[in-house]
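Single-structure report; data block below.
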Amino acid sequence: MAQSSSNPLDSSIAQHLTLAKFQGKFEVTDFVGSVSEKLIAQSKADHGPFDPKPFIQTFEAAVDRLIAVRREVQAKTEQMEKSVRVSEREYSKKMVELGQGFETVGNSFAGMESRMNEVSSTAIRIGEQLETVHIERQRAQAAYDLIYFYNQFTKGDTTRLDALRKEGRAGRQQVAVLLRRLNTVAKEVDLPTADKTRESIEKYCEKFEKEMLNLFDRCYRKSDPKMMHHCAQTLLEFNGGNSCVQVYVNQHDFFINSVRDTSAAEDTMLWNALPEPDESAPRTELGLTKLFAEIRSTVDTEAQIVKVVFPNPPVVLQVFLQRVFAQSIQQHMEALLHRANTISDLAYLRILQLVHSQASILVDDLKAYDVPTNAPRTPSDASEFRRSISGSASMSTSPTTAVATMLDTALEELFVSYTEGQRYLERESKSLGTLYSKLLASFTRYHEKTHKGKESMFDRMVNQLSAAAATSSTGVASTTSAQAAAALMRFGGISADRNQEKPGEEPLREEDGLLSVDTAEKMLKWHAEAIGRCVELSPSNDVAKNTFALLRVLAEAIGDGYLANAVETAQARLEASDNKGEPNIQPLSVLYLVLLIGHLWQQYINTALLPLASSSITIRREMVNFNNQCVNRLEAEANQLLHRMIDSVVTALSTQLAKQKRTDFKPRNDDLSFARVNTEPCVACCDILDKVREAANQSLTGKNLEVFLTEIGVAFHNLLLEHLRKFPVSATGGLMLAKDIKSYQDSISAFGISGLVERFEFIRQLGNVFLVRPDVLKSYITEGYLGRIDATLLKPYLALRSDWGQFDKGFIDGEDEPGSGGGNAESKGFKDRFGRLSVMMKDLEGLKLSEGISMGIPSMPTGFTLGGARGFGSGS
């Protein structure tokens, strides 16, 4: 090892063993490679065997060098650690010293703060004492001044006060405060000379006020806002500034030139459209628009001036706007309403709404000029003196009402005289009633005349007397009875032309009595306009009540005056019509329009009126009940009309069946019989059924159509059952009867009602009993529909066969057999119970026709249920 350590290191290797090479990033592999790089090169250059000795010597020397470097590094590390420990001790010592210094400084600040608090408390107490002393001094000075100037007024000497008044703005403000206080004190002093002194003070106050008002007026005319503000402030200190504000408002050009010609801006189109209900309600009026535009412009300018001139701008602006509403707007409004009132109620109401809507927009615009209330700028001594002496300025101490609140109040007061109580509602109801009366005048006259067409005994007597009296008025020689009839009518006050049109009335036409959807839409449109006015003009608490009142007007007009009248007339015509011929199916078209108009009516109520009553549950319930009553009345009348129509159709069918000849089903000439397709009564009945079906399909829908046609089909079925019991049938006639029954069945099948199809299939099978051979007849009547009927009920029909006498005995088992106790009493009781085959059929099918026909007008709030634009019924 000593030998190897003595080997010198190559300079290229020694530079890798310095301390600097081990600082930073160090890799062992790179270090070994760099140290042995030269040795590897030499080993490769030597072609002999590998010699490890150079490597061993080199690495031994490198290790020795590295050990020396480590010792050197260790020595430096120990020296540096000693230096760090010394530095840490010095740092700790210094931090302790600094902490002690900070603690000393904190104690010093705490002591200083406590001393400052003591000083500030002392200063506050001194300030309060000084303020108290100052206030007492001010009061003493004010009291001294009051006593002094009061004594001066007692002596009649105002020299010093006059001199103070001439000292400028400050002097005038001081004089204003002194005079206000003197005026207050003078009213409280009770001395022998107090009255004279008080009169002197009051005269001087009047003089001072006139002087300030004149100064304000001159400054106003010169457009000097600074001096105007000084005058307003001084008068505010003197008596609240009311007089100053009045001067400013009264002398304003807007009110001086307030006499405006309302006819100058004549709007001919507006005044022509106002009374026309079909024209849209106007939204503007030229004169009103011009006035409101002038008001907006004036307020915009004056709001800026008021803010600069007056110390209390909200109060002044309120006075100005109150004058605008009470004078300018109200005068123009009264002129418009007076003129509209001479035209019609509708014109009056439309103008009232027009002014209200435009005034509401104006109020919303003017609310933008609302300004916050500024405290009056008064001297401190005056404010302090007011605390102890009464008589301070009212406007400077009372709370100022907001401009927005004042505008709302002014708008309400502007219309309260026209809308309070029942005034507006009565006018609105009267207007609607008048419009509806004019619209339905011809309609009402037509139906009144139709109702009068139902002659009573008195009517027939009048007609007879009229005819007799007419004989006496002609050139023919009159009889004694004719002269007596004329005298009776003359002295009885009976007019022969009492049902004729009055002079000046247009003659009635058939179109005047027809229902029209356009007319109903007009009525609803006019009512909707009235409801719009009601919502706008009525107080919010009265909207529900007023809506209910207008609903009554609409129900009376469209329900009782329009629809019910049409239904009653249709009933009267139906009763007066001749049921022996063609049935009158025109009422179905009336019912179609009744339901269509009723649907519009109820939808309008549900959509427009009921939501307006949501604020009052009680009124809404009353509205629903009232409307349901109206609908129920209309439904009952329509239901009655339909039942009468059914009776009319059944009567017409019965009349046609009664025309059946005894020989139609037992013809003598077979060739002639076969030449005919159907008998004449069959053709007539089928024609009636087809017409009724087509009319019903056009006017009714859903369940109503089904029940209506079912009632007719069942009644016709019963008629046929009775009809077939009356005529003998031969073999050839049976074929004719089968043709007729097939036609009846086809007509009823077109109704599309399954229950009727089964009934008339029974009729067809019953008609076939006249065609079946006698040997198979017994088995035939026990099968199909006939098998469900007691055979004893079929005997009256079987007996009409021309060959019945050949096999009638014993045909039906158990018939007329003795020994049954009392002559077949049980069979007789059965026949008594089911005396007619129609009753048996009804019981077998279980049809519930006793419930009547539902007109499909449900209770509120669902309204009429119509299938599209069709008639009654809940289904389409």
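Identifiers in the structure tokens: chain A, B, ... in order shown; residue index from 1 per chain; ligand index from 1 in order shown.
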
Please provide the set of residues having any atom within 12 Å of Ser437 in chain A, restricted to only C-alpha atoms, with same-chain residues fewer than 4 positions apart removed, written as a ChimeraX atom specification. /A:430-433,441-445,523,553-554,556-558,561-562

Close residues, range 741-757 of chain A itself excluded, 9 Å, only C-alpha atoms, min 3 positions apart in chain, as a list in words: Asn678, Cys682, Val683, Cys685, Cys686, Asp687, Leu689, Asp690, Arg693, Glu706, Leu709, Thr710, Gly713, Val714, His717, Met736, Leu737, Ala738, Phe760, Glu761, Phe762, Ile763, Arg764, Gly767, Glu845 and Leu847 of chain A

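Among the candidates A:Glu694, A:Asp803, A:Glu88, A:Asp775, the residue lying nearest to Ser589 in chain A is A:Glu694 (atoms considered: only C-alpha atoms).
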
Near-range 30-32 of chain A list (8 Å; only C-alpha atoms; drop same-chain fewer than 4 positions) as a PyMOL selection string: chain A and resi 16+26+36

Output the selection as a compact mmCIF listing (two decimals), in the first residue's frame - all heavy atoms for each residue.
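To be explicit, this is the file written out as part-v4.txt:
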# COMPACT_ATOMS: atom_id res chain seq x y z
N HIS A 16 -9.53 14.98 -11.84
CA HIS A 16 -10.84 14.41 -11.50
C HIS A 16 -11.00 14.15 -10.01
O HIS A 16 -12.09 13.78 -9.57
CB HIS A 16 -11.07 13.10 -12.26
CG HIS A 16 -11.23 13.28 -13.74
ND1 HIS A 16 -12.33 13.86 -14.33
CD2 HIS A 16 -10.38 12.96 -14.77
CE1 HIS A 16 -12.18 13.89 -15.63
NE2 HIS A 16 -10.97 13.34 -15.93
N PHE A 26 -23.15 14.33 -9.42
CA PHE A 26 -22.04 13.40 -9.42
C PHE A 26 -22.55 12.01 -9.74
O PHE A 26 -23.50 11.53 -9.12
CB PHE A 26 -21.33 13.39 -8.04
CG PHE A 26 -20.23 12.37 -7.93
CD1 PHE A 26 -19.00 12.58 -8.54
CD2 PHE A 26 -20.43 11.18 -7.24
CE1 PHE A 26 -18.00 11.62 -8.43
CE2 PHE A 26 -19.43 10.23 -7.13
CZ PHE A 26 -18.20 10.44 -7.74
N SER A 36 -10.25 5.73 -15.55
CA SER A 36 -9.63 4.57 -16.22
C SER A 36 -9.63 4.69 -17.72
O SER A 36 -9.30 3.72 -18.42
CB SER A 36 -10.37 3.30 -15.79
OG SER A 36 -11.73 3.39 -16.15

Env of Val306 in chain A: 10 Å cut, atoms = only C-alpha atoms, seq-sep filter 5 positions within chain, self excluded. Answer as a list in words. Pro225, His229, Val245, Tyr248, Val299, Thr301, Pro311, Asn312, Pro313, Pro314, Val315, Val316 and Leu317 of chain A

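Contact shell of Gly784 in chain A at 9 Å (only C-alpha atoms; same-chain neighbours under 3 positions omitted): Phe762, Gln765, Tyr780, Ile781, Gly787 and Arg788 of chain A.
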
Could you dump the residues just selected with N, CA and C atoms as a compact mmCIF listing (two decimals), in the first residue's frame?
# COMPACT_ATOMS: atom_id res chain seq x y z
N PHE A 762 -135.99 -7.40 -35.86
CA PHE A 762 -137.15 -8.12 -35.32
C PHE A 762 -138.40 -7.87 -36.19
N GLN A 765 -138.12 -9.96 -39.29
CA GLN A 765 -138.44 -11.36 -39.03
C GLN A 765 -139.94 -11.54 -38.75
N TYR A 780 -140.18 -21.61 -37.14
CA TYR A 780 -139.61 -20.28 -37.45
C TYR A 780 -139.81 -19.30 -36.31
N ILE A 781 -141.01 -19.35 -35.68
CA ILE A 781 -141.28 -18.36 -34.63
C ILE A 781 -140.59 -18.71 -33.32
N GLY A 787 -137.90 -15.92 -31.20
CA GLY A 787 -137.85 -16.93 -30.16
C GLY A 787 -137.78 -16.34 -28.77
N ARG A 788 -137.40 -15.08 -28.66
CA ARG A 788 -137.34 -14.45 -27.34
C ARG A 788 -138.68 -13.87 -26.90

From the options A:Pro54, A:Ala564, A:Ala143, A:Val175, which residue's atoms come nearest to Asn632 in chain A, counting only C-alpha atoms? A:Ala564

So which one's closest to Val247 in chain A, A:Gln233, A:Ser200, A:Thr268, A:Asn214? Using only C-alpha atoms, please. A:Asn214

Could you tell me which of A:Cys244, A:Ile605, A:Met406, A:Leu414 comes closest to Ser328 in chain A if we count only C-alpha atoms? A:Leu414

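Here the question is which of A:Val567, A:Ala402, A:Leu274, A:Leu612 gets nearest to Gln318 in chain A using only C-alpha atoms, and that residue is A:Ala402.
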
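With only C-alpha atoms taken into account, the protein and nucleic acid residues at most 8 Å from Leu349 in chain A (excluding it and anything under 3 positions from it in its own chain) are Asp345, Leu346, Leu352, Gln353, Arg427, Glu428 and Arg533 of chain A.
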
Limited to N, CA and C atoms, could you put the picked residues into a file as a PDB file, in the first residue's frame?
ATOM      1  N   ASP A 345    -124.575  57.393 -24.082  1.00  0.00           N
ATOM      2  CA  ASP A 345    -123.891  56.840 -22.911  1.00  0.00           C
ATOM      3  C   ASP A 345    -122.581  56.174 -23.306  1.00  0.00           C
ATOM      4  N   LEU A 346    -122.566  55.503 -24.453  1.00  0.00           N
ATOM      5  CA  LEU A 346    -121.340  54.851 -24.896  1.00  0.00           C
ATOM      6  C   LEU A 346    -120.244  55.876 -25.157  1.00  0.00           C
ATOM      7  N   LEU A 352    -114.578  58.843 -20.928  1.00  0.00           N
ATOM      8  CA  LEU A 352    -114.115  58.671 -19.554  1.00  0.00           C
ATOM      9  C   LEU A 352    -112.924  57.716 -19.496  1.00  0.00           C
ATOM     10  N   GLN A 353    -113.010  56.609 -20.216  1.00  0.00           N
ATOM     11  CA  GLN A 353    -111.889  55.670 -20.233  1.00  0.00           C
ATOM     12  C   GLN A 353    -110.679  56.261 -20.946  1.00  0.00           C
ATOM     13  N   ARG A 427    -124.338  53.638 -15.276  1.00  0.00           N
ATOM     14  CA  ARG A 427    -124.159  54.165 -16.642  1.00  0.00           C
ATOM     15  C   ARG A 427    -123.716  53.064 -17.603  1.00  0.00           C
ATOM     16  N   GLU A 428    -122.825  52.194 -17.141  1.00  0.00           N
ATOM     17  CA  GLU A 428    -122.340  51.109 -17.990  1.00  0.00           C
ATOM     18  C   GLU A 428    -123.465  50.117 -18.295  1.00  0.00           C
ATOM     19  N   ARG A 533    -113.463  48.493 -19.595  1.00  0.00           N
ATOM     20  CA  ARG A 533    -113.632  49.769 -18.891  1.00  0.00           C
ATOM     21  C   ARG A 533    -113.875  49.541 -17.404  1.00  0.00           C
TER      22      ARG A 533
END

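Neighbours of range 161-174 of chain A closer than or equal to 8 Å, with only C-alpha atoms counted and sequence neighbours fewer than 6 positions away skipped, come out as Phe149, His230, Gln233, Thr234 and Glu237 of chain A.
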
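Computed from the coordinates, the CA of Ala186 in chain A to CA of Gln138 in chain A distance equals 20.1 Å.
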
Using only C-alpha atoms, which residue out of A:Ala347, A:Val692, A:Leu777, A:Leu771 lies closest to Glu279 in chain A? A:Ala347
